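Enquirer: This is target-v3.txt (compact mmCIF, C-alpha atoms).
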```txt
# COMPACT_ATOMS: atom_id res chain seq x y z
CA LYS S 1 56.75 71.43 -37.67
CA GLY S 2 57.50 74.54 -39.69
CA GLU S 3 57.38 76.68 -36.55
CA LEU S 4 59.78 74.30 -34.79
CA GLU S 5 62.26 74.53 -37.64
CA SER S 6 61.99 78.31 -37.73
CA GLY S 7 62.53 78.49 -33.99
CA LEU S 8 65.56 76.20 -34.19
CA ASN S 9 67.11 78.28 -36.95
CA LEU S 10 66.62 81.47 -34.95
CA LEU S 11 68.14 80.00 -31.79
CA GLU S 12 71.10 78.60 -33.70
CA MET S 13 71.79 82.04 -35.19
CA LEU S 14 71.57 83.67 -31.74
CA ARG S 15 73.83 80.98 -30.25
CA GLU S 16 76.51 81.81 -32.80
CA GLU S 17 76.25 85.46 -31.88
CA TYR S 18 76.09 84.86 -28.10
CA PRO S 19 77.96 81.58 -27.46
CA GLN S 20 78.27 82.24 -23.71
CA ASP S 21 74.51 82.64 -23.18
CA SER S 22 73.51 79.50 -21.30
CA GLU S 23 69.79 80.26 -21.51
CA LEU S 24 69.96 80.36 -25.29
CA ARG S 25 71.73 77.00 -25.36
CA TYR S 26 69.24 75.52 -22.90
CA HIS S 27 66.21 76.55 -24.97
CA LEU S 28 67.95 75.32 -28.11
CA ALA S 29 68.53 71.97 -26.39
CA MET S 30 64.84 71.75 -25.44
CA MET S 31 63.80 72.34 -29.04
CA LEU S 32 66.30 69.77 -30.29
CA ALA S 33 64.91 67.27 -27.79
CA ASP S 34 61.36 68.02 -29.02
CA LYS S 35 62.63 67.28 -32.51
CA ASN S 36 64.01 63.94 -31.20
CA ASP S 37 67.55 65.01 -32.03
CA VAL S 38 68.82 63.74 -28.67
CA PRO S 39 72.57 63.70 -29.47
CA ALA S 40 72.48 67.37 -30.51
CA ALA S 41 70.43 68.29 -27.43
CA VAL S 42 72.87 66.45 -25.15
CA SER S 43 75.78 68.23 -26.81
CA GLU S 44 74.26 71.66 -26.14
CA LEU S 45 73.54 70.80 -22.51
CA ARG S 46 77.04 69.43 -21.97
CA LYS S 47 78.52 72.67 -23.27
CA ILE S 48 76.55 74.60 -20.65
CA LEU S 49 77.79 72.37 -17.84
CA ASP S 50 81.34 72.09 -19.15
CA SER S 51 81.61 75.85 -18.90
CA GLY S 52 81.45 75.40 -15.12
CA GLU S 53 77.92 76.75 -14.69
CA MET S 54 75.60 74.71 -12.47
CA HIS S 55 72.45 75.18 -14.53
CA GLU S 56 69.68 73.31 -12.68
CA ASP S 57 67.29 73.05 -15.63
CA ALA S 58 70.07 71.90 -17.95
CA LEU S 59 71.07 69.19 -15.48
CA SER S 60 67.48 68.01 -15.12
CA LEU S 61 66.91 67.88 -18.86
CA LEU S 62 70.20 66.07 -19.39
CA VAL S 63 69.20 63.44 -16.84
CA ASP S 64 65.88 62.91 -18.63
CA LEU S 65 67.61 62.49 -21.99
CA TYR S 66 70.12 60.01 -20.60
CA MET S 67 67.29 58.03 -19.02
CA GLU S 68 65.32 57.99 -22.28
CA THR S 69 68.28 56.58 -24.17
CA GLY S 70 69.17 54.03 -21.46
CA ASP S 71 72.48 55.69 -20.62
CA TYR S 72 72.06 55.00 -16.90
CA ASP S 73 75.69 55.52 -15.92
CA ASN S 74 75.74 59.09 -17.24
CA ALA S 75 72.25 59.68 -15.86
CA ARG S 76 73.38 58.70 -12.37
CA THR S 77 76.55 60.79 -12.62
CA THR S 78 74.53 63.81 -13.73
CA LEU S 79 71.94 63.28 -11.00
CA THR S 80 74.68 63.17 -8.39
CA GLN S 81 76.04 66.40 -9.83
CA LEU S 82 72.60 67.97 -9.64
CA LEU S 83 71.98 66.90 -6.03
CA GLN S 84 75.38 68.14 -4.92
CA PHE S 85 74.45 71.50 -6.37
CA LYS S 86 70.87 71.52 -5.08
CA THR S 87 70.42 69.14 -2.15
CA GLN S 88 66.71 69.96 -1.73
CA HIS S 89 65.80 68.91 -5.27
CA GLU S 90 62.72 66.71 -4.75
CA ALA S 91 62.45 65.48 -8.33
CA GLY S 92 66.18 64.79 -8.43
CA TRP S 93 66.09 62.51 -5.38
CA LEU S 94 63.06 60.71 -6.76
CA SER S 95 64.77 60.17 -10.10
CA LEU S 96 67.92 58.92 -8.38
CA GLY S 97 65.95 56.37 -6.34
CA GLU S 98 64.12 55.09 -9.42
CA LEU S 99 67.36 54.96 -11.39
CA ILE S 100 69.13 52.91 -8.73
CA LEU S 101 66.27 50.39 -8.60
CA LYS S 102 66.44 50.06 -12.37
CA GLN S 103 70.22 50.09 -12.81
CA ALA S 104 71.45 48.39 -9.62
CA PRO S 105 68.61 46.69 -7.70
CA GLU S 106 71.13 45.20 -5.27
CA GLU S 107 71.69 48.77 -3.99
CA VAL S 108 68.13 48.92 -2.70
CA GLU S 109 69.16 50.66 0.54
CA SER S 110 70.58 53.56 -1.47
CA ALA S 111 67.28 53.81 -3.33
CA GLN S 112 65.36 53.77 -0.05
CA TYR S 113 67.54 56.60 1.24
CA ALA S 114 66.74 58.64 -1.88
CA PHE S 115 62.98 58.10 -1.37
CA GLN S 116 63.33 59.10 2.29
CA ARG S 117 64.97 62.34 1.17
CA VAL S 118 61.99 62.99 -1.10
CA LEU S 119 59.52 62.34 1.71
CA LYS S 120 61.45 64.58 4.06
CA LEU S 121 60.96 67.38 1.53
CA ASN S 122 57.39 66.41 0.70
CA PRO S 123 55.65 63.78 2.89
CA ARG S 124 52.73 63.74 0.44
CA ASN S 125 54.71 62.65 -2.61
CA GLU S 126 52.61 59.66 -3.70
CA ARG S 127 55.22 58.23 -6.06
CA ALA S 128 57.93 58.30 -3.39
CA LEU S 129 55.60 56.73 -0.81
CA TRP S 130 54.79 53.84 -3.13
CA LEU S 131 58.38 53.25 -4.23
CA HIS S 132 59.63 53.41 -0.65
CA ALA S 133 56.99 50.93 0.51
CA SER S 134 57.50 48.50 -2.34
CA SER S 135 61.29 48.58 -2.01
CA CYS S 136 61.09 47.95 1.75
CA ALA S 137 58.47 45.20 1.57
CA SER S 138 60.86 42.43 0.52
CA ASP S 139 63.17 42.97 3.50
CA ASP S 140 62.06 41.45 6.83
CA HIS S 141 63.85 44.23 8.72
CA HIS S 142 61.98 46.98 6.82
CA LYS S 143 58.44 45.61 6.65
CA ALA S 144 57.26 47.99 9.39
CA ALA S 145 58.62 50.95 7.40
CA ALA S 146 56.87 49.62 4.30
CA LEU S 147 53.56 49.46 6.17
CA GLN S 148 54.02 52.99 7.48
CA SER S 149 54.54 54.36 3.96
CA LEU S 150 51.55 52.36 2.69
CA GLU S 151 49.30 53.75 5.41
CA GLN S 152 50.40 57.27 4.56
CA LEU S 153 49.84 56.65 0.85
CA LEU S 154 46.38 55.18 1.46
CA SER S 155 45.44 58.17 3.58
CA LEU S 156 46.04 60.24 0.44
CA VAL S 157 44.74 57.74 -2.12
CA PRO S 158 42.35 55.33 -0.33
CA ASP S 159 41.62 53.29 -3.48
CA HIS S 160 45.27 52.76 -4.51
CA ALA S 161 44.92 49.14 -5.66
CA ASP S 162 48.60 48.19 -5.51
CA ALA S 163 49.00 49.72 -2.05
CA LEU S 164 45.92 47.91 -0.73
CA SER S 165 47.16 44.59 -2.09
CA LEU S 166 50.66 45.01 -0.72
CA ARG S 167 49.39 46.11 2.70
CA ALA S 168 47.20 43.00 2.97
CA ALA S 169 50.12 40.75 2.04
CA LEU S 170 52.44 42.42 4.55
CA GLN S 171 49.89 42.25 7.36
CA GLU S 172 49.36 38.55 6.67
CA THR S 173 53.12 37.94 6.75
CA LEU S 174 53.59 39.83 10.00
CA VAL S 175 50.70 38.03 11.70
CA ALA S 176 52.03 34.64 10.57
CA GLY S 177 55.45 35.48 11.97
CA SER S 178 54.28 36.86 15.31
CA PRO S 179 55.09 34.97 18.56
CA SER S 180 51.40 34.26 19.25
CA ALA S 181 51.05 32.61 15.85
CA ALA S 182 54.28 30.66 16.21
CA GLY S 183 53.10 29.04 19.50
CA THR S 184 55.34 27.51 22.11
CA GLU S 185 58.07 26.87 19.56
CA SER S 186 58.86 30.60 19.36
CA SER S 187 58.05 31.58 22.93
CA THR S 188 59.96 28.83 24.82
CA ASP S 189 63.25 27.02 24.57
CA VAL S 190 61.53 23.78 23.53
CA THR S 191 62.54 22.80 20.02
CA ALA S 192 60.40 21.20 17.36
CA ASP S 193 62.45 17.99 17.68
CA GLU S 194 61.81 17.85 21.44
CA LEU S 195 58.09 18.36 20.94
CA SER S 196 58.00 15.55 18.40
CA GLY S 197 60.09 13.25 20.61
CA THR S 198 63.06 13.24 18.23
CA PRO S 199 66.38 14.13 19.86
CA SER S 200 67.90 17.35 18.59
CA ALA S 201 71.36 17.43 17.04
CA SER S 202 72.85 19.03 20.15
CA ALA S 203 71.18 16.42 22.38
CA MET S 204 72.58 13.60 20.27
CA GLU S 205 76.06 15.13 20.41
CA THR S 206 75.76 15.36 24.19
CA ASP S 207 74.62 11.74 24.43
CA SER S 208 77.47 10.66 22.18
CA PHE S 209 79.98 12.46 24.34
CA GLU S 210 78.56 11.11 27.60
CA SER S 211 78.51 7.53 26.26
CA GLY S 212 82.16 7.71 25.25
CA GLY S 213 83.14 5.27 28.02
CA ASP S 214 83.30 4.67 31.73
CA VAL S 215 86.36 6.85 32.06
CA ALA S 216 84.56 9.92 30.70
CA GLU S 217 81.57 9.28 32.96
CA SER S 218 83.70 9.01 36.06
CA ALA S 219 85.67 12.08 35.05
CA GLY S 220 82.42 14.06 34.83
CA ASP S 221 82.03 13.58 38.60
CA VAL S 222 85.53 14.86 39.32
CA THR S 223 86.42 18.53 39.28
CA ALA S 224 89.66 19.89 37.86
CA GLU S 225 90.85 20.77 41.42
CA GLU S 226 90.25 17.20 42.68
CA ALA S 227 92.16 15.80 39.73
CA GLU S 228 95.10 18.07 40.47
CA ALA S 229 95.02 16.96 44.13
CA ARG S 230 95.17 13.36 43.06
CA ALA S 231 98.15 14.15 40.85
CA ALA S 232 99.92 15.83 43.81
CA ASP S 233 99.36 12.76 45.98
CA ALA S 234 100.51 10.26 43.36
CA SER S 235 103.36 7.89 44.12
CA GLY S 236 105.56 9.60 41.58
CA THR S 237 106.10 6.74 39.19
CA ALA S 238 106.05 7.60 35.49
CA ALA S 239 103.04 5.41 34.82
CA GLU S 240 101.03 6.94 37.65
CA HIS S 241 101.88 10.48 36.56
CA ALA S 242 100.78 9.73 33.00
CA GLN S 243 97.47 8.34 34.23
CA GLU S 244 96.92 11.33 36.52
CA ALA S 245 97.56 13.70 33.61
CA ALA S 246 95.01 11.87 31.48
CA ASP S 247 92.45 12.01 34.30
CA THR S 248 93.05 15.74 34.75
CA THR S 249 92.50 16.43 31.05
CA LEU S 250 89.28 14.46 31.08
CA ALA S 251 88.05 16.28 34.18
CA VAL S 252 88.59 19.69 32.57
CA VAL S 253 86.80 18.62 29.40
CA ALA S 254 83.91 17.10 31.33
CA THR S 255 83.32 20.24 33.40
CA SER S 256 83.44 22.60 30.39
CA VAL S 257 80.95 23.20 27.58
CA VAL S 258 79.72 20.03 25.92
CA PRO S 259 81.41 19.63 22.52
CA THR S 260 79.24 20.90 19.72
CA THR S 261 81.40 20.05 16.71
CA GLU S 262 83.03 16.92 15.35
CA HIS S 263 86.51 18.39 15.95
CA GLU S 264 85.76 19.00 19.63
CA GLN S 265 84.36 15.48 19.96
CA GLU S 266 87.52 14.02 18.38
CA ALA S 267 89.67 16.05 20.81
CA ALA S 268 87.66 14.69 23.72
CA ASP S 269 88.02 11.13 22.44
CA GLU S 270 91.79 11.52 22.08
CA ALA S 271 92.07 12.87 25.64
CA GLU S 272 90.03 9.93 26.90
CA ASP S 273 92.31 7.43 25.15
```
Is it possible to express this structure as structure tokens?
Expert:
Amino acid sequence: KGELESGLNLLEMLREEYPQDSELRYHLAMMLADKNDVPAAVSELRKILDSGEMHEDALSLLVDLYMETGDYDNARTTLTQLLQFKTQHEAGWLSLGELILKQAPEEVESAQYAFQRVLKLNPRNERALWLHASSCASDDHHKAAALQSLEQLLSLVPDHADALSLRAALQETLVAGSPSAAGTESSTDVTADELSGTPSASAMETDSFESGGDVAESAGDVTAEEAEARAADASGTAAEHAQEAADTTLAVVATSVVPTTEHEQEAADEAED
């Protein structure tokens, strides 16, 4: 403890004499952090960065201090600053991914991107492989990517308990959801209702439409062109024209897609009336 105090006093004296020396400030900040004087350490690091210098070590230490104190907003801002300055910073991308999962888990795709950047720089980064796999595992669209990262991790650490457990769970899920496991229900157009003998909703709507009355049934056998021909040959009286128009409307409805909603069914019923 006495050596730490002596070192701090010396660095503070040198800082006063050389205030523009960023290395002096950085080492002073490290000693302040070791002393658990985080606010003073952060202040020294901010002075380095506020001078306009992109000091990689100062940025990294500042991120760590913000993370330790739970200041995630400033940690993320500083990490972004660091990665803009040094895009190949493996530890920075890893920290950003972990921070996003902790601070904003709904932004999981951003975290996955950060882990992918780590693995592009170092495919053997065990921490990144695990975090990438575990963050992908909950998304059906990314389960294959999760398995790939798990296999790579297990090739490096064969007895990784968490990875083994997650891989087994994912493999079971994928097998259960495969077409062969799903049977005819997933490989054909036959629905579960049809297999059980219960009419499906669409079948019931079709039956309801087709049982709407004799007029609708007869109209189903008449094409729109035939209905128009009948209208052209009508006697011309107002009553006959009205009837022809109704028949034409019904013919068009009957030869189009079967109504699938209540509104379409009501429209068909009104046309029939």
Enquirer: Which residues are near Thr78 (chain S)? Cut-off 8 Å, all atoms listed in the file, ignore same chain within fewer than 5 positions. Put them as a ChimeraX atom specification.
Expert: /S:59,62-63
Enquirer: Please identify all polymer residues within 12 Å of Leu28 (chain S), counting all atoms listed in the file, omitting same-chain residues fewer than 2 positions from it, and present them as a VMD selection string.
Expert: chain S and resid 4 to 16 19 21 to 26 30 to 35 37 to 38 40 to 45 47 to 48 58 61
Enquirer: Please, what distance in Å, to one decimal, runs between CA of Ser138 (chain S) and CA of Leu174 (chain S)?
Expert: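 Here the two named atoms are 12.2 Å from each other.
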Enquirer: Rounded to one decimal in Å, what is the spacing between CA of Glu56 (chain S) and CA of Glu3 (chain S)?
Expert: 27.1 Å
Enquirer: To one decimal place in Å, what is the distance between CA of Gln171 (chain S) and CA of Ala146 (chain S)?
Expert: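 Computing the Euclidean distance for CA of Gln171 (chain S) and CA of Ala146 (chain S) yields 10.6 Å.
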Enquirer: Can you find the residues with an atom no farther than 12 Å from (63.8, 67.9, -3.1), counting all atoms listed in the file, and report them as a PDB file with C-alpha atoms, in the frame of the given file?
Expert:
```pdb
ATOM      1  CA  LEU S  82      72.600  67.970  -9.640  1.00  0.00           C
ATOM      2  CA  LEU S  83      71.980  66.900  -6.030  1.00  0.00           C
ATOM      3  CA  GLN S  84      75.380  68.140  -4.920  1.00  0.00           C
ATOM      4  CA  PHE S  85      74.450  71.500  -6.370  1.00  0.00           C
ATOM      5  CA  LYS S  86      70.870  71.520  -5.080  1.00  0.00           C
ATOM      6  CA  THR S  87      70.420  69.140  -2.150  1.00  0.00           C
ATOM      7  CA  GLN S  88      66.710  69.960  -1.730  1.00  0.00           C
ATOM      8  CA  HIS S  89      65.800  68.910  -5.270  1.00  0.00           C
ATOM      9  CA  GLU S  90      62.720  66.710  -4.750  1.00  0.00           C
ATOM     10  CA  ALA S  91      62.450  65.480  -8.330  1.00  0.00           C
ATOM     11  CA  GLY S  92      66.180  64.790  -8.430  1.00  0.00           C
ATOM     12  CA  TRP S  93      66.090  62.510  -5.380  1.00  0.00           C
ATOM     13  CA  LEU S  94      63.060  60.710  -6.760  1.00  0.00           C
ATOM     14  CA  SER S  95      64.770  60.170 -10.100  1.00  0.00           C
ATOM     15  CA  LEU S  96      67.920  58.920  -8.380  1.00  0.00           C
ATOM     16  CA  ALA S 114      66.740  58.640  -1.880  1.00  0.00           C
ATOM     17  CA  PHE S 115      62.980  58.100  -1.370  1.00  0.00           C
ATOM     18  CA  GLN S 116      63.330  59.100   2.290  1.00  0.00           C
ATOM     19  CA  ARG S 117      64.970  62.340   1.170  1.00  0.00           C
ATOM     20  CA  VAL S 118      61.990  62.990  -1.100  1.00  0.00           C
ATOM     21  CA  LEU S 119      59.520  62.340   1.710  1.00  0.00           C
ATOM     22  CA  LYS S 120      61.450  64.580   4.060  1.00  0.00           C
ATOM     23  CA  LEU S 121      60.960  67.380   1.530  1.00  0.00           C
ATOM     24  CA  ASN S 122      57.390  66.410   0.700  1.00  0.00           C
ATOM     25  CA  PRO S 123      55.650  63.780   2.890  1.00  0.00           C
ATOM     26  CA  ASN S 125      54.710  62.650  -2.610  1.00  0.00           C
ATOM     27  CA  ALA S 128      57.930  58.300  -3.390  1.00  0.00           C
TER      28      ALA S 128
END
```
Enquirer: Leu166 (chain S): which residues within 12 Å, counting only C-alpha atoms, same-chain residues fewer than 3 positions away excluded, as a list in words?
Expert: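 Once the nearby chain positions are removed, what remains is Trp130, Leu131, Ala133, Ser134, Ser135, Cys136, Ala137, Ser138, Lys143, Ala146, Leu147, Gln148, Ser149, Leu150, Glu151, Leu153, Leu154, His160, Ala161, Asp162, Ala163, Ala169, Leu170, Gln171, Glu172 and Thr173 of chain S.
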Enquirer: Deliver the residues from the most recent selection as a file, using C-alpha atoms, as a short mmCIF file (atom, residue, chain, number, x, y, z; two decimals), in the frame of the given file.
Expert:
```cif
data_model
loop_
_atom_site.label_atom_id
_atom_site.label_comp_id
_atom_site.auth_asym_id
_atom_site.auth_seq_id
_atom_site.Cartn_x
_atom_site.Cartn_y
_atom_site.Cartn_z
CA TRP S 130 54.79 53.84 -3.13
CA LEU S 131 58.38 53.25 -4.23
CA ALA S 133 56.99 50.93 0.51
CA SER S 134 57.50 48.50 -2.34
CA SER S 135 61.29 48.58 -2.01
CA CYS S 136 61.09 47.95 1.75
CA ALA S 137 58.47 45.20 1.57
CA SER S 138 60.86 42.43 0.52
CA LYS S 143 58.44 45.61 6.65
CA ALA S 146 56.87 49.62 4.30
CA LEU S 147 53.56 49.46 6.17
CA GLN S 148 54.02 52.99 7.48
CA SER S 149 54.54 54.36 3.96
CA LEU S 150 51.55 52.36 2.69
CA GLU S 151 49.30 53.75 5.41
CA LEU S 153 49.84 56.65 0.85
CA LEU S 154 46.38 55.18 1.46
CA HIS S 160 45.27 52.76 -4.51
CA ALA S 161 44.92 49.14 -5.66
CA ASP S 162 48.60 48.19 -5.51
CA ALA S 163 49.00 49.72 -2.05
CA ALA S 169 50.12 40.75 2.04
CA LEU S 170 52.44 42.42 4.55
CA GLN S 171 49.89 42.25 7.36
CA GLU S 172 49.36 38.55 6.67
CA THR S 173 53.12 37.94 6.75
#
```
Enquirer: Rebuild region 140-159 of chain S to N, CA, C and O atoms - output it as a PDB file, in the coordinates of the input, please.
Expert:
```pdb
ATOM      1  N   ASP S 140      62.717  41.699   5.540  1.00  0.00           N
ATOM      2  CA  ASP S 140      62.060  41.450   6.830  1.00  0.00           C
ATOM      3  C   ASP S 140      62.313  42.570   7.830  1.00  0.00           C
ATOM      4  O   ASP S 140      61.471  42.862   8.679  1.00  0.00           O
ATOM      5  N   HIS S 141      63.495  43.191   7.755  1.00  0.00           N
ATOM      6  CA  HIS S 141      63.850  44.230   8.720  1.00  0.00           C
ATOM      7  C   HIS S 141      63.154  45.565   8.411  1.00  0.00           C
ATOM      8  O   HIS S 141      63.168  46.469   9.248  1.00  0.00           O
ATOM      9  N   HIS S 142      62.578  45.701   7.222  1.00  0.00           N
ATOM     10  CA  HIS S 142      61.980  46.980   6.820  1.00  0.00           C
ATOM     11  C   HIS S 142      60.486  46.884   6.548  1.00  0.00           C
ATOM     12  O   HIS S 142      59.901  47.823   6.006  1.00  0.00           O
ATOM     13  N   LYS S 143      59.875  45.773   6.917  1.00  0.00           N
ATOM     14  CA  LYS S 143      58.440  45.610   6.650  1.00  0.00           C
ATOM     15  C   LYS S 143      57.603  46.649   7.394  1.00  0.00           C
ATOM     16  O   LYS S 143      56.596  47.141   6.883  1.00  0.00           O
ATOM     17  N   ALA S 144      57.999  46.990   8.616  1.00  0.00           N
ATOM     18  CA  ALA S 144      57.260  47.990   9.390  1.00  0.00           C
ATOM     19  C   ALA S 144      57.317  49.343   8.682  1.00  0.00           C
ATOM     20  O   ALA S 144      56.317  50.075   8.623  1.00  0.00           O
ATOM     21  N   ALA S 145      58.479  49.683   8.135  1.00  0.00           N
ATOM     22  CA  ALA S 145      58.620  50.950   7.400  1.00  0.00           C
ATOM     23  C   ALA S 145      57.766  50.926   6.143  1.00  0.00           C
ATOM     24  O   ALA S 145      57.174  51.948   5.761  1.00  0.00           O
ATOM     25  N   ALA S 146      57.698  49.751   5.499  1.00  0.00           N
ATOM     26  CA  ALA S 146      56.870  49.620   4.300  1.00  0.00           C
ATOM     27  C   ALA S 146      55.401  49.866   4.646  1.00  0.00           C
ATOM     28  O   ALA S 146      54.697  50.592   3.932  1.00  0.00           O
ATOM     29  N   LEU S 147      54.948  49.271   5.743  1.00  0.00           N
ATOM     30  CA  LEU S 147      53.560  49.460   6.170  1.00  0.00           C
ATOM     31  C   LEU S 147      53.263  50.922   6.498  1.00  0.00           C
ATOM     32  O   LEU S 147      52.184  51.445   6.181  1.00  0.00           O
ATOM     33  N   GLN S 148      54.214  51.581   7.130  1.00  0.00           N
ATOM     34  CA  GLN S 148      54.020  52.990   7.480  1.00  0.00           C
ATOM     35  C   GLN S 148      53.834  53.842   6.228  1.00  0.00           C
ATOM     36  O   GLN S 148      52.949  54.703   6.168  1.00  0.00           O
ATOM     37  N   SER S 149      54.672  53.597   5.204  1.00  0.00           N
ATOM     38  CA  SER S 149      54.540  54.360   3.960  1.00  0.00           C
ATOM     39  C   SER S 149      53.228  54.024   3.249  1.00  0.00           C
ATOM     40  O   SER S 149      52.588  54.899   2.655  1.00  0.00           O
ATOM     41  N   LEU S 150      52.818  52.757   3.322  1.00  0.00           N
ATOM     42  CA  LEU S 150      51.550  52.360   2.690  1.00  0.00           C
ATOM     43  C   LEU S 150      50.367  53.040   3.366  1.00  0.00           C
ATOM     44  O   LEU S 150      49.438  53.504   2.691  1.00  0.00           O
ATOM     45  N   GLU S 151      50.396  53.092   4.688  1.00  0.00           N
ATOM     46  CA  GLU S 151      49.300  53.750   5.410  1.00  0.00           C
ATOM     47  C   GLU S 151      49.219  55.230   5.039  1.00  0.00           C
ATOM     48  O   GLU S 151      48.133  55.790   4.867  1.00  0.00           O
ATOM     49  N   GLN S 152      50.382  55.850   4.919  1.00  0.00           N
ATOM     50  CA  GLN S 152      50.400  57.270   4.560  1.00  0.00           C
ATOM     51  C   GLN S 152      49.893  57.468   3.136  1.00  0.00           C
ATOM     52  O   GLN S 152      49.142  58.416   2.850  1.00  0.00           O
ATOM     53  N   LEU S 153      50.295  56.561   2.246  1.00  0.00           N
ATOM     54  CA  LEU S 153      49.840  56.650   0.850  1.00  0.00           C
ATOM     55  C   LEU S 153      48.325  56.446   0.761  1.00  0.00           C
ATOM     56  O   LEU S 153      47.625  57.179   0.054  1.00  0.00           O
ATOM     57  N   LEU S 154      47.806  55.467   1.513  1.00  0.00           N
ATOM     58  CA  LEU S 154      46.380  55.180   1.460  1.00  0.00           C
ATOM     59  C   LEU S 154      45.540  56.277   2.123  1.00  0.00           C
ATOM     60  O   LEU S 154      44.355  56.431   1.825  1.00  0.00           O
ATOM     61  N   SER S 155      46.163  57.028   3.016  1.00  0.00           N
ATOM     62  CA  SER S 155      45.440  58.170   3.580  1.00  0.00           C
ATOM     63  C   SER S 155      45.259  59.265   2.533  1.00  0.00           C
ATOM     64  O   SER S 155      44.335  60.073   2.611  1.00  0.00           O
ATOM     65  N   LEU S 156      46.143  59.268   1.528  1.00  0.00           N
ATOM     66  CA  LEU S 156      46.040  60.240   0.440  1.00  0.00           C
ATOM     67  C   LEU S 156      45.227  59.692  -0.731  1.00  0.00           C
ATOM     68  O   LEU S 156      44.472  60.419  -1.371  1.00  0.00           O
ATOM     69  N   VAL S 157      45.441  58.392  -1.003  1.00  0.00           N
ATOM     70  CA  VAL S 157      44.740  57.740  -2.120  1.00  0.00           C
ATOM     71  C   VAL S 157      44.123  56.449  -1.598  1.00  0.00           C
ATOM     72  O   VAL S 157      44.710  55.362  -1.729  1.00  0.00           O
ATOM     73  N   PRO S 158      42.946  56.508  -0.983  1.00  0.00           N
ATOM     74  CA  PRO S 158      42.350  55.330  -0.330  1.00  0.00           C
ATOM     75  C   PRO S 158      42.104  54.143  -1.252  1.00  0.00           C
ATOM     76  O   PRO S 158      42.085  53.003  -0.794  1.00  0.00           O
ATOM     77  N   ASP S 159      41.921  54.387  -2.553  1.00  0.00           N
ATOM     78  CA  ASP S 159      41.620  53.290  -3.480  1.00  0.00           C
ATOM     79  C   ASP S 159      42.834  52.873  -4.306  1.00  0.00           C
ATOM     80  O   ASP S 159      42.692  52.294  -5.391  1.00  0.00           O
TER      81      ASP S 159
END
```
